[in-house]
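J.: Here it is, the structure in full.
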Number of protein chains: 6
Amino acid sequence: MYELGVCYRNIQRADAAVADKMAALGSATVHEAMGRVGLLKPYMRPIYPGAQVSGTAVTVLLQPGDNWMMHVAAEQIQPGDIVVAAVTAECTDGYFGDLLATSFMARGARALIIDAGVRDVKTLQEMGFPVWSRAISSKGTIKATLGSVNIPVVCAGMLVTPGDVIVADDDGVVCVPRAMAAKTLEAAAARESFEGEKRAKLASGILGLDMYKMREPLQKAGLKYID
Amino acid sequence: MYELGVCYRNIQRADAAVADKMAALGSATVHEAMGRVGLLKPYMRPIYPGAQVSGTAVTVLLQPGDNWMMHVAAEQIQPGDIVVAAVTAECTDGYFGDLLATSFMARGARALIIDAGVRDVKTLQEMGFPVWSRAISSKGTIKATLGSVNIPVVCAGMLVTPGDVIVADDDGVVCVPRAMAAKTLEAAAARESFEGEKRAKLASGILGLDMYKMREPLQKAGLKYID
Amino acid sequence: MYELGVCYRNIQRADAAVADKMAALGSATVHEAMGRVGLLKPYMRPIYPGAQVSGTAVTVLLQPGDNWMMHVAAEQIQPGDIVVAAVTAECTDGYFGDLLATSFMARGARALIIDAGVRDVKTLQEMGFPVWSRAISSKGTIKATLGSVNIPVVCAGMLVTPGDVIVADDDGVVCVPRAMAAKTLEAAAARESFEGEKRAKLASGILGLDMYKMREPLQKAGLKYID
Amino acid sequence: MYELGVCYRNIQRADAAVADKMAALGSATVHEAMGRVGLLKPYMRPIYPGAQVSGTAVTVLLQPGDNWMMHVAAEQIQPGDIVVAAVTAECTDGYFGDLLATSFMARGARALIIDAGVRDVKTLQEMGFPVWSRAISSKGTIKATLGSVNIPVVCAGMLVTPGDVIVADDDGVVCVPRAMAAKTLEAAAARESFEGEKRAKLASGILGLDMYKMREPLQKAGLKYID
Amino acid sequence: MYELGVCYRNIQRADAAVADKMAALGSATVHEAMGRVGLLKPYMRPIYPGAQVSGTAVTVLLQPGDNWMMHVAAEQIQPGDIVVAAVTAECTDGYFGDLLATSFMARGARALIIDAGVRDVKTLQEMGFPVWSRAISSKGTIKATLGSVNIPVVCAGMLVTPGDVIVADDDGVVCVPRAMAAKTLEAAAARESFEGEKRAKLASGILGLDMYKMREPLQKAGLKYID
Amino acid sequence: MYELGVCYRNIQRADAAVADKMAALGSATVHEAMGRVGLLKPYMRPIYPGAQVSGTAVTVLLQPGDNWMMHVAAEQIQPGDIVVAAVTAECTDGYFGDLLATSFMARGARALIIDAGVRDVKTLQEMGFPVWSRAISSKGTIKATLGSVNIPVVCAGMLVTPGDVIVADDDGVVCVPRAMAAKTLEAAAARESFEGEKRAKLASGILGLDMYKMREPLQKAGLKYID
């Protein structure tokens, strides 16, 4: 439930060094490292492939068909931030285009995560400003009704608190609570460190059945092989 | 983002007298009184028509296809509670049926709000235990993986904190944060008090255009009548 | 594409005697009689079962989350009309409740067809005011932006021109253009007149295969029976 | 993948005594008894509440917008059968109405399960002929292209072979393969026999935590209670 | 509601010079210039990224699973046209592939907008024939039932009259009524002319809050900044 | 309905020479050659454009959120196989990523078809391992519950039997039953052989109306040209 008509100027951001390192690990590894929670719904898709970012969340709550608060949010952006936008009702309108992206980039934003639509997607790709959204739509918005900036929001089914770490790539978008960021980074990096060895074994033809010692538990669970 | 594997036993419930009075006002009036926020997504539908309830939220976070934590939640129910269940991924399985409903009723629960499926719906209606859900499904669930009880959850797009007031009827489900409950009740009752007079006027043929004095603002906005 | 900010006061309604008789024939028979066109998308569902109506269309184009024009439309209603409401973008908000229904009934409206949400559905059923909608939602709307009244609108995928005949029942909603109303009524009544005899034959055990003389065309099409 | 243009006249039906007894156990219990498989997707909903049936499957494969094969299927119906209809592409047209229902009832059919739309739903309820479908639609169909009757079909995501047992109620639709019918009935009845005792215990206030001896496994899994 | 079985040969096309210039402005700017109406639903997506076209509409109404009328439409194409295809019911079949594209290109068509599916999408990209569709599907269609050519159709929720201007790019598809084309082009070009200056200001770090003078209206609306 | 907990080791694969040649013909041509059946639902999309494969099906039935059986399936893969994965309930979790892909490639698999989600899609594209899926999701899975390997499964609405031929490209995924593979290849190749000539004619401006001799049947069907 949301407090409307407020903009919090001082938010506690997760440690920048921690937030910056998450991108390289990717959303899947970070999501695993948190115990398989924190993922925004998979309808959130990148508007172009290949972007991989992490940063600290500046949140914005929008009204349906109204992007007024995006301009309020722009002023709160600091270098390294990712803007996370929720709407009070389901909406696919194009809240964001090349002009707002220009402004966000000038402030140091790395990306936009929006549970609504965006437009000017060809230009956004040329500018190199990545967006994860639920829709792409030419439909513009008005500037008439207040929402809020930097309150906790539910974006694509996930609670995002200002200052949390956002990790986004072609696989999806994950939110890491600020208090768990350092621990999660460590756990994710540990997971990552084993991947190369595993990959080499699997590439050589060793089966996961053997590498993960699954044959016995499968047998115990009752798996029957039939010739 | 969720803390897994915990059950909070002591939650601060909204004032019972306040929570109890919300049902009569209905979800639409309460939603208006909060400034049009707090509504769970409209895919949440009652399994049978006519139920109208309010109460304090006991929350449960479930894993996909696993209703183990429903039993943990049952023990935390106090008379006047409404159980609010979220799942860590989209799922339509039937997490809840007549046996759990019997247990919930014995503990004093008034309803279940679940962002997943339920079953035994004919029996639930006979028992008079209302449920608002996203689906109805015969598919049962297992009891294998921990979730949590009485942590803040996102249910059908809305953040629900344990102890919040839930209002549910044929129009949908609204969550009123505990801290706003008394003020919201007052505002909702005030709205309600004017409804009878308005209805009488409209029934007599007076138009909303005149009753709400809309003709001038419509003209200012540029409305043109064409004969 | 829509003309915004206008309200046409003089529309040509289909003949009332024709419009009134369509209800008894039902949406399926009328739809067949037109050559299987004219049906609104099947996501349009009645808010309670059993209503069966026909009447002449008063149309309204709404903005997302804004029901201002419903009040403008109310003044244009004449006895025997059915209000058909479209929105300029997809929206499930509750645009209509018991107060507007009271006003519409006082003006003589028979029903509302709305490609959006409604609320107060329990009260609407008690009042006997039927609605076909895409959603039910407690979410209220504002009164800030102009749409139009009595322009041609696209409602649930179908073009509806003011004065067209609307037929709605548990099977769905059909729009019959004014110019085709008389001819369609005749064709639909003719279809209906054969139904009783067919039903009696089928009830006696005669197969459609024989009654409709399908065995030969099926054989020609290549159907093979395998014992 | 489907064989087109064939109608198998001799199918091996599951034992009638077994098929008949499934209805009373209900789709949820039968689904559990099979190990939680066999359920048609939960978008399959009854057109009116309260019906609870079981019977042997006569299958029909339809073409989009074409119900010709329903008439071929009618002739293959024997008392106690339930017709299961699939379409070669997604379609919500109204393939079935009161006339076909009259014919099916005259042949002894108990219900229709159709992965498409139906119409005349008010009349079908008055006739007491239950249907589970994905949609309700006034849109009629033509009779031009061959499908097949009594071949294995995929209906709402589930493979149904002619002669299988179908169980359908307000919770959904389950398919029990003929070869498993007797064993499944036995297992389902056994499950059912324990339900009364469990319900009495839970009604008396005993928790599932204790009745199912869950406290120890929950503790082992790491559940922490926090006061 | 549709007239079936007709092909209008003489349609009034919007001025070619006007229609041709719209592409460069893009769907978002044109949509804004019309007052935020005219957009086809955002589920209409390009089959490959980067195409940006405008032209005059030749319309075709198709039957489900039947592309017969596409061939009738081909003959009506003149250089500079864009074919706009609607279906009488929801359908995702692949109505259009490389052969029809070859024919359309030979006639001078610039693109296809279809509220259904297409196939051969890799070849279509190689040929440089852009399509905006609701689906991609290998499923072919038959040639058996009449629809119509060059009647007004509802495509993806928008009324398109033959001769209207269509603008389509990565952001979506907009329909500009013929009578509004010149005025819309002018308004869109005017909007466009200010964009460069705005972009430069925003890139220099000036905020939209200041550039658009939003601070005062936000304050009036009640926005509170909290430190 | 599914047999759970089994892995069939000896399956009869379609002839490799036949299976290998299908890729070049493409899913649309193969689908036509079978009489327009065999297509998986069009929500199955490639994770990157341009891949075009065919091979013999190794099937796997998965439990929701559980990819244990993928490892059992890996051992059953032979060079030239395509793994086809179904789930017992709707699920979008990321069952498959770069490690499993490494293992599958080492075994000779050509692709994965999965009615659920995958992750590591950027890496999968770099590796050149194509996947057709219903979703992309970072969400990982557990390894706890048995499904089956090499039983007939329903994947995206289509029955796939182990050893069937799978054809997949940008247009979709088709399943050709083993017994029909040779005949289908022949029919598809025949269709293909006429395409070049047709394309040349259409490119020269000859209309499909004339090339397919449609003018007379259209006239017979009642098409009216209006000037």
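Chain lettering (A, B, ...) mirrors the order of the structure tokens, residue numbering begins at 1 for each chain separately, and ligand numbering begins at 1 in order of display.
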Quick one: pick out all strand (DSSP E) residues within range 30-175 of chain A from a backbone DSSP run and write them as a ChimeraX atom specification.

T.: /A:45-46,53-62,81-87,111-118,131-136,148-149,153-155,158-160,165-169,172-175

J.: With a cut-off of 6 Å and counting only C-alpha atoms, select all residues of chain F in contact with chain E and give the selection as a list in words.

T.: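 Residues of chain F within 6 Å of chain E, counting only C-alpha atoms: Ala28, Pro42, Asp171, Gly172, Arg199, Leu202, Ala203, Gly205, Gly208, Leu209, Leu223, Lys224, Tyr225, Ile226 and Asp227 of chain F.
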
J.: For the residues in that selection, give me N, CA and C atoms as a compact mmCIF listing (two decimals), in the first residue's frame.

T.:
```txt
# COMPACT_ATOMS: atom_id res chain seq x y z
N ALA F 28 7.10 -24.71 -41.60
CA ALA F 28 5.84 -24.39 -42.28
C ALA F 28 5.56 -25.39 -43.40
N PRO F 42 1.86 -21.70 -30.85
CA PRO F 42 2.80 -20.66 -31.29
C PRO F 42 3.42 -19.83 -30.17
N ASP F 171 9.71 -19.98 -37.41
CA ASP F 171 8.25 -19.99 -37.54
C ASP F 171 7.57 -20.85 -36.47
N GLY F 172 8.32 -21.74 -35.82
CA GLY F 172 7.72 -22.58 -34.81
C GLY F 172 8.30 -23.98 -34.78
N ARG F 199 7.31 -18.46 -57.05
CA ARG F 199 7.87 -17.19 -56.60
C ARG F 199 8.25 -16.32 -57.79
N LEU F 202 5.06 -14.83 -59.33
CA LEU F 202 4.50 -13.76 -58.50
C LEU F 202 5.39 -12.52 -58.55
N ALA F 203 6.70 -12.73 -58.57
CA ALA F 203 7.63 -11.60 -58.62
C ALA F 203 7.48 -10.82 -59.93
N GLY F 205 4.76 -10.20 -61.30
CA GLY F 205 3.53 -9.43 -61.25
C GLY F 205 2.29 -10.25 -61.52
N GLY F 208 -1.78 -14.18 -57.68
CA GLY F 208 -2.24 -15.47 -57.19
C GLY F 208 -3.64 -15.78 -57.72
N LEU F 209 -4.47 -14.76 -57.88
CA LEU F 209 -5.81 -14.94 -58.44
C LEU F 209 -5.78 -15.71 -59.75
N LEU F 223 -18.43 -13.55 -54.47
CA LEU F 223 -17.70 -12.29 -54.29
C LEU F 223 -18.19 -11.24 -55.28
N LYS F 224 -18.47 -10.05 -54.75
CA LYS F 224 -18.91 -8.94 -55.61
C LYS F 224 -17.85 -7.86 -55.64
N TYR F 225 -17.45 -7.45 -56.83
CA TYR F 225 -16.56 -6.31 -56.97
C TYR F 225 -17.40 -5.05 -57.12
N ILE F 226 -17.06 -4.02 -56.38
CA ILE F 226 -17.83 -2.77 -56.40
C ILE F 226 -16.90 -1.64 -56.80
N ASP F 227 -17.31 -0.91 -57.82
CA ASP F 227 -16.42 0.18 -58.28
C ASP F 227 -16.82 1.51 -57.65
```

J.: Write out as a PyMOL selection string the set of residues from range 28-175 of chain F that DSSP, computed on the backbone, places in alpha helix (DSSP H).

T.: chain F and resi 28-33+68-76+98-107+121-127

J.: Nearest to Leu61 in chain B: which of A:Val37, A:Leu124, A:Ala89, A:Ala189 is it, counting only C-alpha atoms?

T.: A:Val37

J.: Pick out the residues sitting within 9 Å of Ala19 in chain C, and hand them over as a ChimeraX atom specification; count only C-alpha atoms, and ignore anything fewer than 5 positions along from it in its own chain.

T.: /C:14,54-56,80,164-167,181-182,185
